[in-house]
Structures are given as C-alpha cells and as structure tokens.
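Novice: You'll find protein.cif just under this line, and it carries mmCIF, C-alpha atoms (C1' of nucleotides).
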```cif
data_structure
#
loop_
_atom_site.label_atom_id
_atom_site.label_comp_id
_atom_site.auth_asym_id
_atom_site.auth_seq_id
_atom_site.Cartn_x
_atom_site.Cartn_y
_atom_site.Cartn_z
CA MET A 515 26.61 -10.48 -1.13
CA SER A 516 27.54 -6.82 -0.66
CA ASP A 517 26.98 -5.02 2.60
CA THR A 518 24.44 -2.58 1.17
CA LYS A 519 22.48 -5.33 -0.53
CA SER A 520 21.94 -7.30 2.67
CA LYS A 521 21.15 -4.11 4.59
CA ILE A 522 18.44 -3.36 2.03
CA ILE A 523 16.96 -6.81 2.61
CA ASN A 524 17.08 -6.26 6.38
CA VAL A 525 15.19 -2.99 6.18
CA ALA A 526 12.74 -4.33 3.60
CA GLU A 527 11.96 -7.31 5.80
CA GLU A 528 11.22 -5.13 8.79
CA LEU A 529 9.04 -2.81 6.71
CA ILE A 530 7.13 -5.74 5.21
CA ARG A 531 6.55 -7.17 8.65
CA THR A 532 5.23 -3.89 10.07
CA ARG A 533 3.51 -2.20 7.10
CA GLY A 534 3.00 -4.96 4.54
CA TYR A 535 4.34 -5.17 0.99
CA ASN A 536 2.21 -2.24 -0.21
CA GLY A 537 2.95 -0.12 2.84
CA PHE A 538 6.49 0.92 2.07
CA SER A 539 8.49 2.37 -0.80
CA TYR A 540 12.10 2.39 -1.97
CA ARG A 541 12.21 5.89 -0.53
CA ASP A 542 11.61 4.57 2.98
CA ILE A 543 14.50 2.13 2.68
CA ALA A 544 16.76 4.75 1.13
CA ALA A 545 16.05 7.14 4.02
CA VAL A 546 16.98 4.55 6.65
CA LEU A 547 20.24 3.61 4.92
CA SER A 548 21.12 7.15 3.79
CA ILE A 549 21.46 6.09 0.19
CA LYS A 550 19.57 7.15 -2.92
CA ASN A 551 16.45 5.56 -4.28
CA ALA A 552 18.21 4.41 -7.43
CA ALA A 553 20.85 2.54 -5.44
CA ILE A 554 18.14 0.12 -4.38
CA HIS A 555 17.04 -0.31 -7.98
CA TYR A 556 20.63 -1.17 -8.79
CA HIS A 557 20.51 -4.17 -6.45
CA PHE A 558 16.83 -4.99 -6.96
CA PRO A 559 15.59 -3.69 -10.31
CA SER A 560 11.94 -4.12 -9.37
CA LYS A 561 10.18 -4.14 -6.04
CA ALA A 562 9.09 -7.70 -6.76
CA ASP A 563 12.77 -8.72 -6.90
CA LEU A 564 13.26 -7.29 -3.44
CA GLY A 565 10.14 -9.01 -2.13
CA VAL A 566 11.35 -12.32 -3.50
CA ALA A 567 14.79 -11.80 -1.93
CA VAL A 568 13.21 -11.22 1.48
CA ILE A 569 11.20 -14.44 1.29
CA GLN A 570 14.15 -16.41 -0.07
CA ARG A 571 16.38 -15.32 2.79
CA THR A 572 13.68 -16.29 5.26
CA ARG A 573 13.48 -19.72 3.62
CA GLU A 574 17.24 -20.09 3.89
CA ASN A 575 17.09 -19.17 7.57
CA PHE A 576 14.40 -21.76 8.14
CA SER A 577 16.40 -24.31 6.24
CA GLN A 578 19.34 -23.65 8.57
CA PHE A 579 17.05 -23.89 11.57
CA VAL A 580 15.87 -27.29 10.39
CA SER A 581 19.34 -28.73 9.84
CA GLN A 582 20.66 -27.26 13.11
CA SER A 583 17.83 -28.66 15.20
CA ASP A 584 17.83 -31.94 13.31
CA ARG A 585 20.80 -33.48 15.08
CA ASN A 586 20.57 -34.59 18.72
CA MET A 587 17.21 -32.96 19.58
CA ASP A 588 13.98 -34.73 20.31
CA ALA A 589 10.62 -33.68 18.86
CA SER A 590 9.64 -31.78 21.96
CA ALA A 591 12.83 -29.74 21.95
CA LYS A 592 12.48 -29.01 18.24
CA LEU A 593 8.93 -27.78 18.73
CA LYS A 594 10.10 -25.58 21.57
CA LYS A 595 12.81 -24.06 19.38
CA PHE A 596 10.26 -23.41 16.65
CA ILE A 597 8.00 -21.63 19.11
CA ASP A 598 10.99 -19.57 20.25
CA ILE A 599 11.09 -17.99 16.79
CA TYR A 600 7.65 -16.51 17.44
CA SER A 601 8.61 -15.30 20.92
CA GLU A 602 11.56 -13.48 19.38
CA SER A 603 9.29 -11.89 16.79
CA GLN A 604 6.97 -10.77 19.54
CA GLN A 605 9.84 -9.12 21.40
CA LYS A 606 10.72 -7.22 18.23
CA ASN A 607 7.05 -6.34 17.85
CA LEU A 608 6.94 -7.94 14.41
CA VAL A 609 4.47 -10.32 12.83
CA CYS A 610 5.92 -13.26 10.92
CA PHE A 611 6.50 -12.90 7.18
CA MET A 612 3.61 -15.27 6.43
CA GLY A 613 1.23 -13.22 8.54
CA ALA A 614 2.46 -10.08 6.84
CA LEU A 615 2.30 -11.27 3.24
CA GLY A 616 -0.38 -13.97 3.34
CA PRO A 617 -3.44 -11.73 3.70
CA THR A 618 -2.67 -9.90 0.45
CA PHE A 619 -1.43 -13.02 -1.35
CA GLY A 620 -3.57 -12.59 -4.48
CA SER A 621 -2.33 -9.06 -5.06
CA LEU A 622 1.37 -9.92 -4.73
CA PRO A 623 3.68 -10.33 -7.74
CA LYS A 624 3.49 -13.88 -9.09
CA GLU A 625 7.13 -14.64 -8.21
CA MET A 626 6.47 -13.71 -4.60
CA GLN A 627 3.37 -15.89 -4.52
CA GLN A 628 5.46 -18.81 -5.73
CA GLU A 629 8.10 -18.29 -3.03
CA LEU A 630 5.50 -17.85 -0.34
CA SER A 631 3.66 -21.03 -1.29
CA SER A 632 6.90 -23.00 -1.27
CA ALA A 633 7.75 -21.58 2.14
CA SER A 634 4.39 -22.56 3.58
CA GLN A 635 4.78 -26.08 2.29
CA GLU A 636 8.23 -26.39 3.86
CA ILE A 637 7.01 -25.20 7.23
CA ARG A 638 3.87 -27.33 7.21
CA SER A 639 5.67 -30.51 6.25
CA TRP A 640 8.42 -29.89 8.81
CA MET A 641 5.82 -29.39 11.56
CA THR A 642 3.96 -32.49 10.43
CA SER A 643 7.11 -34.61 10.59
CA ILE A 644 8.00 -33.30 14.06
CA LEU A 645 4.53 -34.08 15.39
CA ALA A 646 4.64 -37.55 13.81
CA GLU A 647 8.02 -38.22 15.38
CA GLY A 648 6.89 -37.04 18.81
CA LYS A 649 3.70 -39.03 18.70
CA GLN A 650 5.44 -42.21 17.61
CA ARG A 651 7.83 -41.95 20.55
CA ASN A 652 4.96 -41.13 22.92
CA GLN A 653 6.30 -37.67 23.71
CA PHE A 654 3.13 -36.18 22.26
CA THR A 655 -0.30 -37.56 23.12
CA PHE A 656 -2.59 -35.09 21.36
CA GLN A 657 -5.94 -36.12 19.92
CA GLY A 658 -6.84 -35.95 16.22
CA ALA A 659 -4.95 -36.17 12.95
CA ILE A 660 -1.32 -35.10 12.79
CA VAL A 661 -1.87 -32.72 9.88
CA ASP A 662 -4.82 -31.11 11.64
CA GLN A 663 -2.72 -30.55 14.74
CA ALA A 664 0.18 -29.20 12.66
CA ASP A 665 -2.04 -26.67 10.90
CA SER A 666 -3.65 -25.69 14.19
CA ILE A 667 -0.32 -25.01 15.87
CA ILE A 668 1.09 -23.06 12.94
CA SER A 669 -2.12 -21.06 12.58
CA SER A 670 -2.46 -20.17 16.22
CA LEU A 671 1.18 -19.04 16.42
CA LEU A 672 0.92 -16.97 13.26
CA ALA A 673 -2.27 -15.20 14.32
CA SER A 674 -1.21 -14.62 17.91
CA LEU A 675 1.54 -12.28 16.66
CA ILE A 676 -1.09 -10.37 14.72
CA LEU A 677 -3.48 -10.18 17.65
CA ASN A 678 -0.66 -9.12 19.95
CA LYS A 679 -0.41 -5.90 17.96
CA VAL A 680 -4.12 -5.22 18.15
CA THR A 681 -4.81 -6.13 21.77
CA SER A 682 -1.59 -5.32 23.61
CA GLU A 683 -2.24 -8.45 25.66
CA ASP A 684 0.00 -11.49 25.60
CA ILE A 685 -2.00 -13.58 23.15
CA LEU A 686 1.13 -15.50 22.14
CA GLY A 687 1.71 -16.47 25.76
CA ASN A 688 -1.84 -17.78 26.06
CA VAL A 689 -1.55 -19.71 22.83
CA ILE A 690 1.78 -21.29 23.77
CA ARG A 691 0.37 -22.41 27.11
CA GLN A 692 -2.56 -24.02 25.31
CA ILE A 693 -0.25 -25.80 22.86
CA ASP A 694 1.71 -27.22 25.79
CA LYS A 695 -1.53 -28.44 27.37
CA THR A 696 -2.94 -30.16 24.31
CA ILE A 697 0.18 -31.59 22.73
CA MET B 279 -27.64 5.60 4.76
CA SER B 280 -27.63 6.27 1.04
CA ASP B 281 -27.30 3.49 -1.48
CA THR B 282 -23.99 4.74 -2.85
CA LYS B 283 -22.52 5.13 0.59
CA SER B 284 -23.19 1.53 1.60
CA LYS B 285 -21.99 0.29 -1.80
CA ILE B 286 -18.72 2.13 -1.21
CA ILE B 287 -18.33 0.38 2.15
CA ASN B 288 -19.07 -2.98 0.50
CA VAL B 289 -16.38 -2.53 -2.12
CA ALA B 290 -13.91 -1.09 0.38
CA GLU B 291 -14.41 -4.05 2.68
CA GLU B 292 -13.72 -6.53 -0.09
CA LEU B 293 -10.64 -4.61 -1.21
CA ILE B 294 -9.30 -4.41 2.34
CA ARG B 295 -9.84 -8.12 2.77
CA THR B 296 -8.00 -9.01 -0.44
CA ARG B 297 -5.33 -6.31 -0.79
CA GLY B 298 -5.09 -4.69 2.64
CA TYR B 299 -5.66 -1.07 3.61
CA ASN B 300 -2.64 0.17 1.66
CA GLY B 301 -3.41 -1.99 -1.37
CA PHE B 302 -6.33 -0.09 -2.85
CA SER B 303 -7.25 3.49 -3.71
CA TYR B 304 -10.42 5.53 -4.14
CA ARG B 305 -9.89 5.07 -7.86
CA ASP B 306 -10.35 1.29 -7.53
CA ILE B 307 -13.67 1.76 -5.75
CA ALA B 308 -14.80 4.43 -8.20
CA ALA B 309 -14.09 2.11 -11.14
CA VAL B 310 -16.17 -0.72 -9.67
CA LEU B 311 -19.15 1.54 -8.94
CA SER B 312 -18.82 3.68 -12.10
CA ILE B 313 -18.67 6.88 -10.13
CA LYS B 314 -15.98 9.52 -9.82
CA ASN B 315 -13.19 9.61 -7.34
CA ALA B 316 -14.52 12.73 -5.67
CA ALA B 317 -17.92 11.14 -5.04
CA ILE B 318 -16.22 8.87 -2.53
CA HIS B 319 -14.56 11.84 -0.87
CA TYR B 320 -18.05 13.36 -0.53
CA HIS B 321 -19.17 10.41 1.62
CA PHE B 322 -15.82 9.71 3.25
CA PRO B 323 -13.62 12.82 3.27
CA SER B 324 -10.48 10.88 4.14
CA LYS B 325 -9.50 7.28 3.55
CA ALA B 326 -9.28 6.83 7.31
CA ASP B 327 -12.99 7.71 7.58
CA LEU B 328 -13.75 4.93 5.11
CA GLY B 329 -11.54 2.48 6.95
CA VAL B 330 -13.28 3.29 10.22
CA ALA B 331 -16.70 2.86 8.60
CA VAL B 332 -15.74 -0.61 7.36
CA ILE B 333 -14.66 -1.73 10.82
CA GLN B 334 -17.69 -0.16 12.48
CA ARG B 335 -20.08 -1.97 10.18
CA THR B 336 -18.29 -5.23 10.90
CA ARG B 337 -18.67 -4.56 14.62
CA GLU B 338 -22.40 -3.90 14.15
CA ASN B 339 -22.72 -7.16 12.22
CA PHE B 340 -20.98 -9.03 15.01
CA SER B 341 -23.17 -7.31 17.56
CA GLN B 342 -26.23 -8.56 15.67
CA PHE B 343 -24.73 -12.03 15.46
CA VAL B 344 -24.30 -12.05 19.23
CA SER B 345 -27.84 -10.97 20.05
CA GLN B 346 -29.33 -13.32 17.45
CA SER B 347 -27.45 -16.37 18.69
CA ASP B 348 -27.94 -15.38 22.31
CA ARG B 349 -31.51 -16.63 22.65
CA ASN B 350 -32.30 -20.35 22.65
CA MET B 351 -28.89 -21.65 21.54
CA ASP B 352 -26.41 -23.62 23.62
CA ALA B 353 -22.70 -22.89 23.73
CA SER B 354 -21.88 -25.61 21.24
CA ALA B 355 -24.37 -24.25 18.69
CA LYS B 356 -23.10 -20.70 19.19
CA LEU B 357 -19.52 -21.81 18.59
CA LYS B 358 -20.62 -23.64 15.47
CA LYS B 359 -22.34 -20.51 14.17
CA PHE B 360 -19.21 -18.48 14.88
CA ILE B 361 -17.10 -20.95 12.94
CA ASP B 362 -19.61 -20.73 10.07
CA ILE B 363 -18.61 -17.09 9.60
CA TYR B 364 -15.09 -18.26 8.71
CA SER B 365 -16.37 -20.96 6.37
CA GLU B 366 -18.36 -18.31 4.52
CA SER B 367 -15.28 -16.13 4.27
CA GLN B 368 -13.35 -19.05 2.88
CA GLN B 369 -15.98 -19.63 0.21
CA LYS B 370 -15.70 -15.98 -0.82
CA ASN B 371 -11.92 -16.37 -0.79
CA LEU B 372 -11.53 -13.58 1.74
CA VAL B 373 -9.52 -13.32 4.92
CA CYS B 374 -11.28 -11.85 7.95
CA PHE B 375 -11.00 -8.11 8.60
CA MET B 376 -8.76 -8.74 11.60
CA GLY B 377 -6.39 -10.85 9.53
CA ALA B 378 -6.37 -8.18 6.84
CA LEU B 379 -5.81 -5.14 9.06
CA GLY B 380 -4.03 -6.58 12.09
CA PRO B 381 -0.61 -7.21 10.50
CA THR B 382 -0.20 -3.52 9.58
CA PHE B 383 -1.83 -2.26 12.78
CA GLY B 384 0.90 0.21 13.72
CA SER B 385 0.80 1.93 10.34
CA LEU B 386 -2.98 2.38 10.30
CA PRO B 387 -4.65 5.71 11.13
CA LYS B 388 -5.15 6.09 14.88
CA GLU B 389 -8.97 6.06 14.61
CA MET B 390 -8.82 2.72 12.80
CA GLN B 391 -6.50 1.31 15.45
CA GLN B 392 -8.99 2.29 18.12
CA GLU B 393 -11.89 0.60 16.31
CA LEU B 394 -9.86 -2.50 15.63
CA SER B 395 -8.77 -2.86 19.24
CA SER B 396 -12.36 -2.50 20.44
CA ALA B 397 -13.48 -5.11 17.93
CA SER B 398 -10.85 -7.60 19.08
CA GLN B 399 -11.88 -7.12 22.70
CA GLU B 400 -15.53 -7.75 21.83
CA ILE B 401 -14.73 -10.94 19.97
CA ARG B 402 -12.36 -12.25 22.62
CA SER B 403 -14.70 -11.64 25.51
CA TRP B 404 -17.62 -13.16 23.60
CA MET B 405 -15.58 -16.29 22.85
CA THR B 406 -14.41 -16.50 26.44
CA SER B 407 -17.98 -16.30 27.76
CA ILE B 408 -19.18 -18.99 25.33
CA LEU B 409 -16.38 -21.35 26.36
CA ALA B 410 -17.06 -20.66 30.05
CA GLU B 411 -20.75 -21.41 29.53
CA GLY B 412 -20.06 -24.65 27.65
CA LYS B 413 -17.53 -25.84 30.18
CA GLN B 414 -19.80 -25.14 33.11
CA ARG B 415 -22.57 -27.21 31.52
CA ASN B 416 -20.13 -29.98 30.63
CA GLN B 417 -20.65 -29.52 26.91
CA PHE B 418 -16.97 -28.65 26.55
CA THR B 419 -14.27 -30.68 28.26
CA PHE B 420 -11.10 -29.03 26.96
CA GLN B 421 -7.93 -28.83 29.02
CA GLY B 422 -6.32 -25.59 30.12
CA ALA B 423 -7.48 -22.08 30.92
CA ILE B 424 -10.59 -20.72 29.23
CA VAL B 425 -8.88 -17.55 27.97
CA ASP B 426 -6.02 -19.60 26.55
CA GLN B 427 -8.47 -21.81 24.69
CA ALA B 428 -10.43 -18.77 23.47
CA ASP B 429 -7.32 -17.11 22.05
CA SER B 430 -6.19 -20.39 20.50
CA ILE B 431 -9.49 -20.92 18.70
CA ILE B 432 -9.73 -17.33 17.46
CA SER B 433 -6.09 -17.37 16.35
CA SER B 434 -6.27 -20.66 14.52
CA LEU B 435 -9.44 -19.62 12.66
CA LEU B 436 -8.01 -16.23 11.72
CA ALA B 437 -4.75 -17.64 10.39
CA SER B 438 -6.32 -20.57 8.57
CA LEU B 439 -8.05 -18.13 6.21
CA ILE B 440 -4.67 -16.55 5.53
CA LEU B 441 -2.95 -19.89 4.95
CA ASN B 442 -5.79 -21.04 2.72
CA LYS B 443 -4.79 -18.34 0.25
CA VAL B 444 -1.13 -19.34 0.32
CA THR B 445 -1.45 -23.11 0.23
CA SER B 446 -4.65 -23.79 -1.72
CA GLU B 447 -5.26 -26.61 0.75
CA ASP B 448 -8.17 -26.71 3.14
CA ILE B 449 -6.36 -25.44 6.24
CA LEU B 450 -9.61 -24.13 7.70
CA GLY B 451 -11.15 -27.58 7.42
CA ASN B 452 -8.19 -29.12 9.25
CA VAL B 453 -8.33 -26.49 11.97
CA ILE B 454 -12.08 -26.86 12.48
CA ARG B 455 -11.70 -30.63 12.83
CA GLN B 456 -9.01 -30.10 15.46
CA ILE B 457 -11.17 -27.61 17.37
CA ASP B 458 -13.97 -30.17 17.44
CA LYS B 459 -11.56 -32.80 18.77
CA THR B 460 -10.05 -30.73 21.54
CA ILE B 461 -13.07 -28.77 22.75
"C1'" DA C 505 -42.58 29.33 -6.06
"C1'" DA C 506 -38.24 30.25 -4.11
"C1'" DT C 507 -34.49 28.43 -1.54
"C1'" DT C 508 -31.67 25.32 0.44
"C1'" DT C 509 -29.66 20.79 0.73
"C1'" DT C 510 -28.05 16.43 -1.23
"C1'" DG C 511 -25.27 13.94 -4.16
"C1'" DC C 512 -22.74 14.10 -7.16
"C1'" DT C 513 -19.11 15.75 -11.57
"C1'" DT C 514 -15.35 18.40 -13.58
"C1'" DA C 515 -11.11 20.03 -13.02
"C1'" DC C 516 -7.41 20.62 -10.42
"C1'" DT C 517 -3.19 20.38 -6.89
"C1'" DT C 518 0.48 18.42 -4.34
"C1'" DA C 519 2.98 14.61 -3.11
"C1'" DC C 520 4.56 10.26 -3.79
"C1'" DT C 521 5.23 5.80 -6.60
"C1'" DA C 522 8.22 2.60 -9.32
"C1'" DG C 523 11.39 2.83 -12.58
"C1'" DT C 524 15.15 4.64 -16.02
"C1'" DA C 525 19.11 6.95 -18.25
"C1'" DA C 526 23.30 8.95 -17.95
"C1'" DG C 527 27.19 10.07 -15.45
"C1'" DT C 528 31.06 9.23 -11.99
"C1'" DA C 529 34.60 7.90 -8.40
"C1'" DG C 530 37.11 4.20 -6.92
"C1'" DA C 531 38.56 -0.56 -7.19
"C1'" DT C 532 40.15 -4.39 -10.23
"C1'" DA C 533 42.18 -6.64 -14.21
"C1'" DG C 534 44.78 -6.97 -18.41
"C1'" DC D 859 48.86 2.64 -17.32
"C1'" DT D 860 44.75 1.95 -19.47
"C1'" DA D 861 40.20 -0.25 -19.68
"C1'" DT D 862 36.56 -2.17 -17.58
"C1'" DC D 863 33.59 -3.12 -13.78
"C1'" DT D 864 31.22 -2.11 -9.38
"C1'" DA D 865 28.43 0.57 -6.73
"C1'" DC D 866 26.61 4.04 -6.58
"C1'" DT D 867 24.48 9.51 -7.53
"C1'" DT D 868 22.00 13.00 -10.16
"C1'" DA D 869 18.30 14.02 -12.73
"C1'" DC D 870 14.50 12.66 -14.78
"C1'" DT D 871 9.75 10.33 -16.46
"C1'" DA D 872 5.09 8.66 -16.38
"C1'" DG D 873 1.68 7.21 -13.53
"C1'" DT D 874 -0.95 7.15 -9.31
"C1'" DA D 875 -2.06 8.69 -4.53
"C1'" DA D 876 -5.16 11.41 -1.49
"C1'" DG D 877 -7.53 15.36 -1.28
"C1'" DT D 878 -9.92 20.03 -2.68
"C1'" DA D 879 -12.67 23.71 -4.90
"C1'" DA D 880 -16.19 25.04 -7.68
"C1'" DG D 881 -20.17 24.01 -10.22
"C1'" DC D 882 -24.66 21.85 -11.16
"C1'" DA D 883 -29.04 19.11 -11.44
"C1'" DA D 884 -32.55 17.07 -8.79
"C1'" DA D 885 -34.90 16.50 -4.53
"C1'" DA D 886 -36.51 18.28 -0.25
"C1'" DT D 887 -37.84 22.18 2.63
"C1'" DT D 888 -39.94 26.64 3.64
#
```
Just give me the structure as structure tokens.

Specialist:
Amino acid sequence: MSDTKSKIINVAEELIRTRGYNGFSYRDIAAVLSIKNAAIHYHFPSKADLGVAVIQRTRENFSQFVSQSDRNMDASAKLKKFIDIYSESQQKNLVCFMGALGPTFGSLPKEMQQELSSASQEIRSWMTSILAEGKQRNQFTFQGAIVDQADSIISSLLASLILNKVTSEDILGNVIRQIDKTI
Amino acid sequence: MSDTKSKIINVAEELIRTRGYNGFSYRDIAAVLSIKNAAIHYHFPSKADLGVAVIQRTRENFSQFVSQSDRNMDASAKLKKFIDIYSESQQKNLVCFMGALGPTFGSLPKEMQQELSSASQEIRSWMTSILAEGKQRNQFTFQGAIVDQADSIISSLLASLILNKVTSEDILGNVIRQIDKTI
DNA sequence: AATTTTGCTTACTTACTAGTAAGTAGATAG
DNA sequence: CTATCTACTTACTAGTAAGTAAGCAAAATT
C-alpha cells in the first residue's frame, strides 16, 4: 500500500474518532496531508470506501493483537492487554472506533455497517472465550453468565472513553478498577 | 412554548439520537414537519441553539425523574426505574443522548459542550447517591468503590444501546442481568 | 379601530459537500 | 525510445449546508 494511501487512512481514522463519520470531509484530510481533494478520491473513490478501509484496518490490527497475545499468555494477561488498548486511546484523547461509529450505525453506508457488525462479533466472541478460559482455570471468579460479563466489560470500556471526553474525570480508571474487583 | 417549537425539538432529538449532531440538517426537520427551513431558524436562530435546547429538555426530564422517584421509593426501585429509561430507548431503537453526542464532544459548539458536561455530572452524582443509599441500607452488596460502580453501571448501559444497533443482539438485556448479579 | 407582535413563507446568499473529467510529470515496461 | 501506468493536480459540477432579509397574514395589544 502506498504511503499516501495509508496516511489518508490514518487521518480519516483520527477524524472519525473525534468528529464521527459525518463530521469530516475529504477537504479536512487533504488539508492535513497537503494534497488535493481529488487525490483522496483517487485512492478511495467514495467516502464509504474510505470508511470501510478504516474499519478493515482496525479489524486487521485486532486480528494481530489476538494472534500475538494468543501464545504464552494466560487469560488474565490477555484481558489486561485488551484493556491497555483503551488506556492508549484515552491518552490520545480518542474514543474507540465502535464508540465513534456505533451511535450513527443506521445512517452509515451499508458496507460500513457490514464491517462494523463483523468487527463487533469478533471482539465479543474473543472476550467471551477469554473469560471462559479464565473462569475454567479459576483465574476469574465473577458471578453470572460469561456472555453477560463479556458484554458488560466491553460496554463499560467503550462508554468510559466517551464519558472521559464529557466529564474530564478519569471514568476509564474507575471502570478498570471495578472490572478488576468483580472479575 | 409553541406547538411548532416543541415539535422541532422532538424531531431534532430523534435525529441526533439516530444520526448524530452532524448527521442531520434543518431541511430534514422541515420535511418531517411540513414547514420551511426558515421557520426553524425563527425558533432556533443557529443549529447550536437547537442542540442546546434538546439537551436542556433532556436535563429537565431527568430532573423530573429524580424528584418523582425521590419520594417513597427505595434505592433498588430507583435503580430499576433508571434502567427502564434505557429499555424504553432500546424499544424505540435509539441510543441515549449522551451516547449520541459524547463521541463528538470536542467538535460540538461550546454551549452544547457546557450543557452536556452539566448533564453528565447530574446523572453521575444521582447514581452515586442512589448506590450509597442502597449500600448503607444493605440492599446493595457490591464490591469496590461506590463511584467506580456508578461509572461502571452508567457506562455499560450507555454502550449497550450503541452495541444493540451494531449487533442486533440483546446486549442491554445481558448488561442488565449482570448489573442485577453484581449489585 | 389601529398598531404591534407572532409565526411563519418566499427568495436569496455564501460556503461547503461528494464526486468527476481531463490533463500531466515521473516512473516502469516492452 | 516509446508506450503505458501510477499518482497525482487543475478545474469543474450538482447538490446541500447554515443562515438572512424582506414580506405577510393572523392574533394579540393598546
């Protein structure tokens, strides 16, 4: 992939995660990269193509995360590494892509909806398998169904990045502490 | 408040909660209400004024919720009523206003940011006081700090409405069950 | 009864949106 | 050394955005 193309995805991702899919234009990206509007259309004919590319790259990153943490790490360590992703987002003052795109799901291009749904399934089933593994080996002792706990953890992490922006308090920190307590 | 004015706020709220603040225009509202674009500018000169009005009305509704549930209800019943708000949102296939506006917080008009921050503080301190009350009277037996638990509950509810749209599974139901288990 | 105010509409402006068509300089391949 | 391809730029289109100015009918006020 060309240098410019991946730079466009970088900028688009940041804009999506700060302003949402409808909150930026090709112009904004062009300005950052000092290229012309039409150069972006060359790489991504429609804005939907760009949106899809951003989600696809995120899925690939997650896929790499999964295979990297798969070998010689226990469930507890894997969960910790997953949570680290959110701490990094917080430091960059960004919400996660799901928190950015999910709220407007129904108004997104169909191809983006498809990618986003697939991504959510991947994350949810990964989290479920980690929790199952940890519980089986008595590392985790939480109450309730595994899927319920998985959805609760994912949800609280996702929203804490959103609330961090609104409150300027460390909601993520509070949420992580509570996860550690209840897991 | 005139009939048209409150109808405009109704439509704007629904549009914000499905498409986000940058995902609709005065034209969209005008089309729904069969009025002209400029009629909306008469009631709300700028789009920011309309956005502020939507948040303010939501805050008033929450304020009413608080005073209504304040008399003759225990902490557990109050929490249940709070959770009911999210179940109603789910039935209408809407995310909450915080989930809709929070992700793009930094790109919102300053007046909207101010309203949104105030709203989040109101909700968080209400939840904290309810949890404190319930724990003191031994209705709640959750582990960990009260503020941590408050932020975890609010976050998981907020995000479950978002994930409901993406997954078409009952994330909110899973999250509510887990709250009941851990509280 | 005359005047002002309310709640709009008509008609418009300026700026931005996504997207396209045609051209071009430099690298690559035959 | 010529032809094609890559990665753009220039120049444009049609549509939509927020917002404004002027007008007007009906209701409320004096």

Novice: Return the neighbours of chain B among the residues of chain A, cut-off 6 Å, counting all atoms listed in the file, as an mmCIF file with C-alpha atoms, keeping the file's coordinate frame.

Specialist:
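This went into iface37.cif:
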```
data_model
loop_
_atom_site.group_PDB
_atom_site.id
_atom_site.type_symbol
_atom_site.label_atom_id
_atom_site.label_comp_id
_atom_site.auth_asym_id
_atom_site.auth_seq_id
_atom_site.Cartn_x
_atom_site.Cartn_y
_atom_site.Cartn_z
ATOM 1 C CA THR A 532 5.230 -3.890 10.070
ATOM 2 C CA ARG A 533 3.510 -2.200 7.100
ATOM 3 C CA ASN A 536 2.210 -2.240 -0.210
ATOM 4 C CA GLY A 537 2.950 -0.120 2.840
ATOM 5 C CA ALA A 614 2.460 -10.080 6.840
ATOM 6 C CA GLY A 616 -0.380 -13.970 3.340
ATOM 7 C CA PRO A 617 -3.440 -11.730 3.700
ATOM 8 C CA THR A 618 -2.670 -9.900 0.450
ATOM 9 C CA SER A 621 -2.330 -9.060 -5.060
ATOM 10 C CA SER A 631 3.660 -21.030 -1.290
ATOM 11 C CA ASP A 662 -4.820 -31.110 11.640
ATOM 12 C CA SER A 666 -3.650 -25.690 14.190
ATOM 13 C CA SER A 669 -2.120 -21.060 12.580
ATOM 14 C CA SER A 670 -2.460 -20.170 16.220
ATOM 15 C CA ALA A 673 -2.270 -15.200 14.320
ATOM 16 C CA SER A 674 -1.210 -14.620 17.910
ATOM 17 C CA ILE A 676 -1.090 -10.370 14.720
ATOM 18 C CA VAL A 680 -4.120 -5.220 18.150
ATOM 19 C CA THR A 681 -4.810 -6.130 21.770
ATOM 20 C CA ASN A 688 -1.840 -17.780 26.060
ATOM 21 C CA VAL A 689 -1.550 -19.710 22.830
ATOM 22 C CA GLN A 692 -2.560 -24.020 25.310
#
```

Novice: For DA506 in chain C, please output as a PDB file with C-alpha atoms (C1' of nucleotides), in the frame of the given file all residues within 12 Å (counting only C-alpha atoms (C1' of nucleotides); exclusion window: fewer than 2 positions along the same chain).

Specialist:
```pdb
ATOM      1  C1'  DT C 508     -31.670  25.320   0.440  1.00  0.00           C
TER       2       DT C 508
ATOM      3  C1'  DT D 887     -37.840  22.180   2.630  1.00  0.00           C
ATOM      4  C1'  DT D 888     -39.940  26.640   3.640  1.00  0.00           C
TER       5       DT D 888
END
```

Novice: Could you check how far CA of Glu528 in chain A sits from CA of Ser548 in chain A, in Å to one decimal?

Specialist: 16.5 Å

Novice: Need to verify the contact set: DG534 in chain C, 12 Å, only C-alpha atoms (C1' of nucleotides), exclusion of same-chain residues closer than 6 positions in sequence. Can you return it as a VMD selection string?

Specialist: chain D and resid 859 to 862

Novice: Run through the PyMOL selection byres ((chain C and resi 516-528) around 10) on the given coordinates and return the selected residues as a compact mmCIF listing (two decimals) with C-alpha atoms (C1' of nucleotides), in the coordinates of the input.

Specialist:
```
# COMPACT_ATOMS: atom_id res chain seq x y z
CA SER A 539 8.49 2.37 -0.80
CA TYR A 540 12.10 2.39 -1.97
CA ARG A 541 12.21 5.89 -0.53
CA ALA A 552 18.21 4.41 -7.43
CA HIS A 555 17.04 -0.31 -7.98
CA PRO A 559 15.59 -3.69 -10.31
CA SER A 560 11.94 -4.12 -9.37
CA LYS A 561 10.18 -4.14 -6.04
C1' DT C 514 -15.35 18.40 -13.58
C1' DA C 515 -11.11 20.03 -13.02
C1' DA C 529 34.60 7.90 -8.40
C1' DG C 530 37.11 4.20 -6.92
C1' DC D 866 26.61 4.04 -6.58
C1' DT D 867 24.48 9.51 -7.53
C1' DT D 868 22.00 13.00 -10.16
C1' DA D 869 18.30 14.02 -12.73
C1' DC D 870 14.50 12.66 -14.78
C1' DT D 871 9.75 10.33 -16.46
C1' DA D 872 5.09 8.66 -16.38
C1' DG D 873 1.68 7.21 -13.53
C1' DT D 874 -0.95 7.15 -9.31
C1' DA D 875 -2.06 8.69 -4.53
C1' DA D 876 -5.16 11.41 -1.49
C1' DG D 877 -7.53 15.36 -1.28
C1' DT D 878 -9.92 20.03 -2.68
C1' DA D 879 -12.67 23.71 -4.90
```

Novice: What separation in Å, quoted to one decimal, exists between CA of Met390 in chain B and CA of Asp327 in chain B?

Specialist: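 Spanning CA of Met390 in chain B to CA of Asp327 in chain B is a straight-line distance of 8.3 Å.
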
Novice: Do you know which residues are at most 12 Å from DC882 in chain D counting all atoms listed in the file, after dropping those on the same chain fewer than 5 positions away, and could you put them as a ChimeraX atom specification?

Specialist: /C:510-514

Novice: Restricting the calculation to all atoms listed in the file, which member of A:Leu645, A:Val580, A:Ile554, A:Ile523 is positioned closest to chain C?

Specialist: A:Ile554
